[in-house]
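Some notes on the structure that comes next.
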Amino acid sequence: MHNLVPAPWSFSAGPGSLTLDAGTTLGADPSLGGTRRWLTRALGAATGWDLPSAPAGEAGIRFLLDRELDADAYRLEVDDAVVISAGGDAGAFHAAQTLLQLIGPRALRQAAVGGEWSLPRVSVEDKPRFAYRGTMLDVARHFMPKDNLLRFIEVMAMHKLNVLHLHLTDDQGWRIQIDRYPKLTEIGAWRRESSRGSWRAGEFDNLPHGGFYTKDDLREIVAFAAERHITVIPEIDVPGHSQAAIAAYPELGAGDGPVEVWTRWGINETVLEVSDASLEFYRNVLDEVVEIFPSQWISLGGDEVPLTQWQASAQARAKAGELGFGDVFGLHSWFVGQLALHLAGHGRAASVWDEIGDGGLPDGALVASWRGYGGGIDALRKGYDVVMCPEHKLYLDHRQAEGDDEPVPVGFVTSLRDVYEFDPLPGFAAEEFPGRLLGAQANVWTEHLDSPRRVHFAAFPRLSAAAEVFWTRPEGRDYDDFLGRLTGGHLARLEAMGVEYRPLDGPAPWQRRPGVQGWKRDYEAEQAAALG
């Protein structure tokens, strides 16, 4: 038996174990050298050893290229040596993560704590179920300092997740340096206070909050993630969720008068003006974004765009008429589509939330389906690439259990089991689509997660469950088995990495937020109401 997370596709164990020592060497085929260098640093830090290099065929830990394997697949054999065969550096890196898990939690620490080092004699064959295994992290509502973000990426990599969707802009903050528009961070990166708990309570914390990443910070984040085979997709949200930008440059707004960076949570009626000037502003922003982020996708957001200001705007109504729309509704998809065309000129594609499909998706867009499955299914039928991230299954800021001990209990109850039993295509598995289901993504919104500790609490171990769903084939998954592996070793790995996860039996006393009002929702009741 094993306690690996995510579970590999094939695992067998032999008798005995292999001992590692200060003389252990590492070697790799030149095409797998990136992983060899990473493992030398990671395992060397944990053991305190130098781990010298040796020829690939002679080393104690060997990385060998096997072109018959998929690029992200691997075989790991532990006998008298550790022999890893991989189809590419991504597969080699996944194998290295499995190797560290087999060695034990101490292998995931950043400095040596002593003891002997060994691992079981095993044979593992493994590859991912989905090519896109993502996490969305909102750093706009509450800023996550760079060192904490790098640690979050390290924990993602341990779980073989490979996409970080980084939500960089929203009503409550702008987190990316843009040289052409310095006020975006001088003004837009800070707010004077924040809602305390649900905005419906009308309470505020009276504490200024802010922060942003410089371009070099973001280049470092991208490079750090790339070493771990994680792609960072930046999100610049338009045309709603834009009040921080409008506070910095009031001429962008469709409403009357200046606004401040929003201090409240919830859906905001403040939107961008659908003008040539606004589009040119965001084209210039995107020119700087694509220089930092090499991802094939750049997210334009596009969710939750009230039409109130456009309906009241003579300019917006005139623009809708000029474009041949019956009303201002069409401006939503049109505005996003114009920026998607600009990205196409850079050789990139837009990623969008599924609302954009209500009015027309840009060519080649990646659709993130959060309002349940419907938007994603519709996009697949139209030939688009899709990532499933339904709110009632994969929103990790939602409460984890019934009761008032859950800190700031918002949203639907989304338990560890709920996440583990997520199916990206329930009831549609037999249907053949012209589009591609690339994978799935767990979303971590941070309105109520005001520190890295709170992000850890909300994300783990539910993100461990999501990682297994995204990686392991369905017939290889069993919740009780997962729970046994979690308690039988994986929680200790999280502890070694400094992750302050939610205990399985409920929040620790210091993880609670007594007196902070949430907003509990009932998924079944909302579905019944929607059906009339």
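Identifiers in this document derive from the order of the structure tokens: chains are assigned A, B, ..., residues are numbered from 1 separately in each chain, and ligands are numbered from 1 in order of occurrence.
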
As an mmCIF file with N, CA and C atoms, in the first residue's frame, please: all residues of segment 282-329 of chain A that backbone DSSP puts in strand (DSSP E or B).
```
data_model
loop_
_atom_site.group_PDB
_atom_site.id
_atom_site.type_symbol
_atom_site.label_atom_id
_atom_site.label_comp_id
_atom_site.auth_asym_id
_atom_site.auth_seq_id
_atom_site.Cartn_x
_atom_site.Cartn_y
_atom_site.Cartn_z
ATOM 1 N N TRP A 297 -2.587 31.660 -22.766
ATOM 2 C CA TRP A 297 -3.859 32.296 -22.412
ATOM 3 C C TRP A 297 -3.624 33.493 -21.503
ATOM 4 N N ILE A 298 -4.376 34.539 -21.737
ATOM 5 C CA ILE A 298 -4.452 35.688 -20.839
ATOM 6 C C ILE A 298 -5.937 35.850 -20.504
ATOM 7 N N SER A 299 -6.269 35.835 -19.217
ATOM 8 C CA SER A 299 -7.683 35.918 -18.844
ATOM 9 C C SER A 299 -8.166 37.362 -18.865
ATOM 10 N N LEU A 300 -9.316 37.556 -19.491
ATOM 11 C CA LEU A 300 -9.990 38.858 -19.513
ATOM 12 C C LEU A 300 -11.190 38.880 -18.570
ATOM 13 N N GLY A 301 -11.348 37.828 -17.772
ATOM 14 C CA GLY A 301 -12.456 37.789 -16.817
ATOM 15 C C GLY A 301 -13.792 37.811 -17.528
#
```

### Task
Pick out the residues sitting within 7 Å of Val122 of chain A, and hand them over as a PyMOL selection string; count only C-alpha atoms, and ignore anything fewer than 5 positions along from it in its own chain.
chain A and resi 12-14+77-78

Proximity check segment 83-120 of chain A to segment 139-153 of chain A, 12 Å, nearest pairs one decimal Å, only C-alpha atoms, as a tab-separated table:
```
residue	atom	partner	partner_atom	distance
A:Leu108	CA	A:Arg151	CA	11.7
A:Arg109	CA	A:Arg151	CA	11.7
A:Gln110	CA	A:Arg151	CA	11.1
```

### Task
Write out as a count of residues only each polymer residue whose atoms come within 8 Å of segment 388-397 of chain A, counting only C-alpha atoms; drop sequence neighbours fewer than 2 positions from it.
34

### Message
Here is a test: counting only C-alpha atoms, which residue of A:Ala365, A:Leu531, A:Ala401, A:Ala254 is nearest to Gln309 of chain A?
### Response
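Looking only at the distances to Gln309 of chain A, the closest residue turns out to be A:Ala254.
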
### Query
Looking only at the backbone, which of the residues in segment 2-248 of chain A does DSSP tag as helix (DSSP H, G or I), as a PyMOL selection string?
chain A and resi 30-47+89-103+105-108+146-158+183-186+199-201+215-227+243-248

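Picture a line from atom CA of Trp38 of chain A to atom CA of Ala96 of chain A; it runs 9.0 Å.
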
### Task
Identify, on the basis of only C-alpha atoms, every residue whose closest approach to Gly91 of chain A does not exceed 7 Å; exclude the query and any residue fewer than 4 positions from it along the same chain; express the result as a VMD selection string.
chain A and resid 71 to 74 86 to 87 95

Restrict the selected residues to C-alpha atoms and save them as a PDB file, in the first residue's frame.
```
ATOM      1  CA  ALA A  71       5.732  14.114 -22.228  1.00  0.00           C
ATOM      2  CA  ASP A  72       4.113  14.303 -18.785  1.00  0.00           C
ATOM      3  CA  ALA A  73       4.174  10.548 -18.031  1.00  0.00           C
ATOM      4  CA  TYR A  74       6.779   8.594 -16.089  1.00  0.00           C
ATOM      5  CA  ALA A  86      10.050  10.000 -18.439  1.00  0.00           C
ATOM      6  CA  GLY A  87       8.672  11.217 -21.739  1.00  0.00           C
ATOM      7  CA  ALA A  95       8.305  11.555 -10.796  1.00  0.00           C
TER       8      ALA A  95
END
```

Please produce, as JSON lines, a per-residue contact table for segment 375-413 of chain A versus segment 185-205 of chain A (criterion: any atom at most 10 Å away, only C-alpha atoms considered), showing the nearest atom pair and its distance in Å to one decimal, sorted by chain then residue number.
```
{"residue": "A:Pro407", "atom": "CA", "partner": "A:Gly197", "partner_atom": "CA", "distance": 9.4}
{"residue": "A:Val408", "atom": "CA", "partner": "A:Gly197", "partner_atom": "CA", "distance": 6.1}
{"residue": "A:Pro409", "atom": "CA", "partner": "A:Gly197", "partner_atom": "CA", "distance": 8.8}
{"residue": "A:Val410", "atom": "CA", "partner": "A:Ser198", "partner_atom": "CA", "distance": 7.7}
```

### Task
Pick out the closest residue to Val232 of chain A from this set: A:Gly134, A:Val305, A:Ala247, A:Met158. Count only C-alpha atoms.
A:Gly134

### Query
Do you know which residues are at most 9 Å from Asp50 of chain A counting only C-alpha atoms, after dropping those on the same chain fewer than 3 positions away, and could you put them as a list in words?
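Once the adjacent positions are removed, what remains is Ala22, Gly23, Thr24, Thr25, Thr40, Arg41, Gly44, Ala45 and Thr47 of chain A.
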